[in-house]
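Enquirer: Let me begin by handing over the structure; questions about it come next.
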Amino acid sequence: MHQPSTVDRFFEPLLAGNRRACREFVAEQLEQPNNDIVDVYYNLLWPTMQRIDECFRQNRISVAVEHMATRISRSIADQLQQSLTQMPSNGKTIMIACADDEPEELGAQMCSDLFEARGWCVYFLGGGVPMDEISQLIGQLRPDILLIFGTKPSGVAQVRTLIDHIRSIASNPTMNIMMSGGVFNRAEDLWKEVQADLYAPTAQEAIPMAEAAQPRKPEIRLPGVPKKRRRRRRPPLVVEGATA
């Protein structure tokens with residue numbers, strides 16, 4: 001007989017909105033040998049978040065259920081973050097922004113928690129921050145990485161505009177821009193179409209990639225020589241149900 005996976009067993013009380021049962025399940029997972037808080041992030045909360053998103057996009061769960069499940073997951077992440085083992089500072093800074101919805105905020109928050117535990121200085125903006133304010137903060141804080149998480153199909157053009165703006169004002173020309181989650185996980189090479197530097201589908205892959213990334217080489221412009229306009233292919237039409 002098929003045995004339900006850990007995510008399957010967590011998913012049932014989560015969709016039912018049973019907060020206590022969800023907390024007790026996570027506590028049981030932390031009592032398992034060789035299972036620590038980072039494992040719960042990577043092997044339980046993250047795949048659960050992805051399953052919630054998939055079920056919602058396929059109209060298998062309602063808005064109410066999606067909101068309940070996401071908020072329970074976020075409250076658990078809030079509690080776990082306080083007990084994450086913090087590594088010494090590595091001298092690197094990351095700024096994290098996301099789409100302006102609860103599921104995307106959850107993914108971006110978990111990225112923030114895990115990067116901070118690895119010794120990064122993290123600035124978590126969340127969603128809904130105007131483009132000019134993001135650009136201003138980049139100039140002030142000069143992060144090594146800007147991570148944009150959980151973009152929706154309708155937000156692709158805005159992301160591309162933001163990246164163009166950041167590059168044009170050159171306030172932090174060596175900063176790498178990384179895409180993760182959302183439509184970038186479902187449309188192959190879309191991250192290249194918006195002129196990002198890096199792409200990682202999960203936080204587990206994003207952290208080592210960011211740590212290994214070299215500073216971006218800024219564009220060199222000679223005095224009196226106008227900037228060459230780059231011809232770009234328009235990104236393909238992306239529908240919500242697209243697969244990577």
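We name chains A, B, ... following the order of the structure tokens; residues begin at 1 in each chain, and ligands are numbered from 1 as shown.
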Pick out each residue of segment 80-233 of chain A that DSSP on the backbone tags as strand (DSSP E); I need them as an NGL selection string.

Expert: :A and (93-98 or 121-126 or 145-149 or 176-180 or 198-199)

Enquirer: Please identify all polymer residues within 12 Å of Phe149 of chain A, counting only C-alpha atoms, omitting same-chain residues fewer than 4 positions from it, and present them as a VMD selection string.

Expert: chain A and resid 95 to 101 103 to 112 124 to 127 155 to 156 159 177 to 185 191 199 to 203 206

Enquirer: Export, as a compact mmCIF listing (two decimals), in the first residue's frame, the selected residues with C-alpha atoms.

Expert:
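The resulting file, result30.txt, is reproduced below:
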# COMPACT_ATOMS: atom_id res chain seq x y z
CA MET A 95 17.93 42.49 -1.11
CA ILE A 96 14.77 40.42 -1.64
CA ALA A 97 11.57 41.62 -3.31
CA CYS A 98 8.52 39.67 -4.47
CA ALA A 99 5.04 39.85 -5.92
CA ASP A 100 2.42 41.50 -3.75
CA ASP A 101 0.52 38.42 -2.55
CA PRO A 103 2.11 33.01 -1.21
CA GLU A 104 4.92 35.01 -2.82
CA GLU A 105 5.61 36.80 0.47
CA LEU A 106 5.93 33.39 2.15
CA GLY A 107 8.52 32.16 -0.34
CA ALA A 108 10.47 35.40 -0.21
CA GLN A 109 10.36 35.36 3.59
CA MET A 110 11.74 31.82 3.73
CA CYS A 111 14.52 32.87 1.34
CA SER A 112 15.28 35.77 3.67
CA PHE A 124 13.49 41.90 2.84
CA LEU A 125 11.28 44.39 0.97
CA GLY A 126 8.32 42.12 0.29
CA GLY A 127 5.86 43.13 -2.41
CA GLY A 155 4.31 41.07 -13.69
CA VAL A 156 6.96 39.96 -16.20
CA VAL A 159 10.29 43.07 -13.85
CA ILE A 177 19.99 40.13 -10.26
CA MET A 178 18.52 36.70 -9.53
CA MET A 179 15.09 35.37 -10.43
CA SER A 180 13.33 32.60 -8.50
CA GLY A 181 9.89 31.09 -8.18
CA GLY A 182 6.61 32.03 -9.80
CA VAL A 183 6.37 32.11 -13.57
CA PHE A 184 10.16 31.85 -13.91
CA ASN A 185 9.88 28.29 -12.58
CA TRP A 191 14.79 34.83 -16.72
CA TYR A 199 18.13 31.92 -11.83
CA ALA A 200 17.39 29.35 -9.13
CA PRO A 201 14.05 27.55 -8.71
CA THR A 202 14.34 27.11 -4.93
CA ALA A 203 16.07 28.68 -1.94
CA ALA A 206 19.67 29.95 -4.73

Enquirer: As a VMD selection string, please: the residues near Asp8 of chain A (cut-off 10 Å, only C-alpha atoms, same-chain neighbours under 5 positions excluded).

Expert: chain A and resid 3 13 to 14 44 48 51

Enquirer: Can you list, as number ranges by chain, all residues belonging to segment 5-211 of chain A that DSSP tags as helix (DSSP H, G or I)?

Expert: A: 6-15, 19-30, 37-57, 63-81, 102-117, 131-141, 153-169, 182-185, 190-193, 203-211

Enquirer: Save the residues we just selected, C-alpha atoms, as a short mmCIF file (atom, residue, chain, number, x, y, z; two decimals), in the first residue's frame?

Expert:
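Written file, part_4.cif:
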data_model
loop_
_atom_site.label_atom_id
_atom_site.label_comp_id
_atom_site.auth_asym_id
_atom_site.auth_seq_id
_atom_site.Cartn_x
_atom_site.Cartn_y
_atom_site.Cartn_z
CA THR A 6 5.63 13.74 4.91
CA VAL A 7 4.25 16.53 2.75
CA ASP A 8 1.03 14.56 2.16
CA ARG A 9 0.52 14.10 5.89
CA PHE A 10 1.13 17.80 6.56
CA PHE A 11 -1.05 18.90 3.67
CA GLU A 12 -4.27 17.40 5.05
CA PRO A 13 -4.49 19.45 8.28
CA LEU A 14 -3.07 22.46 6.44
CA LEU A 15 -5.89 22.55 3.90
CA ARG A 19 -3.42 25.33 13.05
CA ARG A 20 -2.75 23.24 16.15
CA ALA A 21 -2.39 19.98 14.21
CA CYS A 22 0.04 21.67 11.80
CA ARG A 23 2.20 23.00 14.63
CA GLU A 24 2.21 19.61 16.35
CA PHE A 25 3.19 17.89 13.09
CA VAL A 26 6.16 20.23 12.60
CA ALA A 27 7.22 19.68 16.21
CA GLU A 28 7.17 15.93 15.60
CA GLN A 29 9.36 16.37 12.53
CA LEU A 30 11.93 18.31 14.54
CA ILE A 37 15.08 23.33 11.21
CA VAL A 38 16.72 23.85 7.81
CA ASP A 39 15.48 20.39 6.78
CA VAL A 40 11.94 21.42 7.72
CA TYR A 41 12.27 24.53 5.55
CA TYR A 42 13.65 22.64 2.56
CA ASN A 43 11.76 19.34 2.79
CA LEU A 44 8.41 20.35 4.27
CA LEU A 45 7.53 24.05 4.11
CA TRP A 46 8.98 24.72 0.66
CA PRO A 47 7.42 21.76 -1.21
CA THR A 48 4.16 22.38 0.64
CA MET A 49 4.18 26.00 -0.55
CA GLN A 50 4.73 24.80 -4.12
CA ARG A 51 1.87 22.33 -3.85
CA ILE A 52 -0.50 24.99 -2.51
CA ASP A 53 0.38 27.19 -5.47
CA GLU A 54 -0.13 24.35 -7.94
CA CYS A 55 -3.50 23.39 -6.46
CA PHE A 56 -4.67 27.00 -6.52
CA ARG A 57 -3.62 27.58 -10.13
CA VAL A 63 -9.07 31.38 -2.35
CA ALA A 64 -10.09 30.92 1.28
CA VAL A 65 -8.26 27.60 1.60
CA GLU A 66 -5.18 28.97 -0.16
CA HIS A 67 -5.09 31.95 2.21
CA MET A 68 -5.56 29.76 5.30
CA ALA A 69 -2.85 27.30 4.28
CA THR A 70 -0.39 30.04 3.36
CA ARG A 71 -0.90 31.95 6.59
CA ILE A 72 -0.49 28.83 8.72
CA SER A 73 2.75 28.05 6.86
CA ARG A 74 3.96 31.59 7.37
CA SER A 75 3.20 31.53 11.10
CA ILE A 76 5.22 28.30 11.40
CA ALA A 77 8.11 29.87 9.46
CA ASP A 78 7.98 32.87 11.83
CA GLN A 79 8.41 30.53 14.81
CA LEU A 80 11.14 28.41 13.21
CA GLN A 81 13.20 31.42 12.14
CA GLU A 102 0.63 36.14 0.49
CA PRO A 103 2.11 33.01 -1.21
CA GLU A 104 4.92 35.01 -2.82
CA GLU A 105 5.61 36.80 0.47
CA LEU A 106 5.93 33.39 2.15
CA GLY A 107 8.52 32.16 -0.34
CA ALA A 108 10.47 35.40 -0.21
CA GLN A 109 10.36 35.36 3.59
CA MET A 110 11.74 31.82 3.73
CA CYS A 111 14.52 32.87 1.34
CA SER A 112 15.28 35.77 3.67
CA ASP A 113 15.39 33.50 6.73
CA LEU A 114 17.71 30.98 5.09
CA PHE A 115 20.08 33.55 3.55
CA GLU A 116 20.35 35.32 6.91
CA ALA A 117 21.15 32.03 8.65
CA MET A 131 10.36 50.78 -8.77
CA ASP A 132 12.00 54.11 -7.97
CA GLU A 133 12.19 53.24 -4.26
CA ILE A 134 13.80 49.87 -5.02
CA SER A 135 16.37 51.61 -7.22
CA GLN A 136 17.05 54.20 -4.53
CA LEU A 137 17.62 51.53 -1.89
CA ILE A 138 19.96 49.65 -4.21
CA GLY A 139 22.07 52.78 -4.53
CA GLN A 140 22.10 53.30 -0.76
CA LEU A 141 22.66 49.72 0.40
CA PRO A 153 2.79 36.24 -15.53
CA SER A 154 1.22 39.69 -15.45
CA GLY A 155 4.31 41.07 -13.69
CA VAL A 156 6.96 39.96 -16.20
CA ALA A 157 6.96 43.23 -18.14
CA GLN A 158 7.31 45.19 -14.90
CA VAL A 159 10.29 43.07 -13.85
CA ARG A 160 11.95 43.67 -17.19
CA THR A 161 11.34 47.41 -16.87
CA LEU A 162 12.80 47.39 -13.36
CA ILE A 163 15.95 45.58 -14.51
CA ASP A 164 16.35 47.98 -17.45
CA HIS A 165 16.01 50.92 -15.06
CA ILE A 166 18.50 49.53 -12.56
CA ARG A 167 21.05 48.92 -15.31
CA SER A 168 20.50 52.30 -16.96
CA ILE A 169 21.15 54.38 -13.83
CA GLY A 182 6.61 32.03 -9.80
CA VAL A 183 6.37 32.11 -13.57
CA PHE A 184 10.16 31.85 -13.91
CA ASN A 185 9.88 28.29 -12.58
CA LEU A 190 12.24 33.49 -19.20
CA TRP A 191 14.79 34.83 -16.72
CA LYS A 192 17.15 35.40 -19.64
CA GLU A 193 14.47 37.29 -21.55
CA ALA A 203 16.07 28.68 -1.94
CA GLN A 204 18.11 25.51 -1.53
CA GLU A 205 19.64 26.16 -4.96
CA ALA A 206 19.67 29.95 -4.73
CA ILE A 207 21.95 30.15 -1.69
CA PRO A 208 25.00 28.26 -3.05
CA MET A 209 24.54 29.96 -6.42
CA ALA A 210 24.56 33.39 -4.81
CA GLU A 211 27.56 32.50 -2.67
#

Enquirer: So how far away is atom CA of Ile94 of chain A from atom CA of Cys121 of chain A, in Å?

Expert: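 Taking atom CA of Cys121 of chain A and atom CA of Ile94 of chain A, their separation equals 6.3 Å.
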
Enquirer: Record the distance separating atom CA of Lys92 of chain A and atom CA of Pro143 of chain A, expressed in Å with one decimal.

Expert: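 Calculated distance between atom CA of Lys92 of chain A and atom CA of Pro143 of chain A is 7.4 Å.
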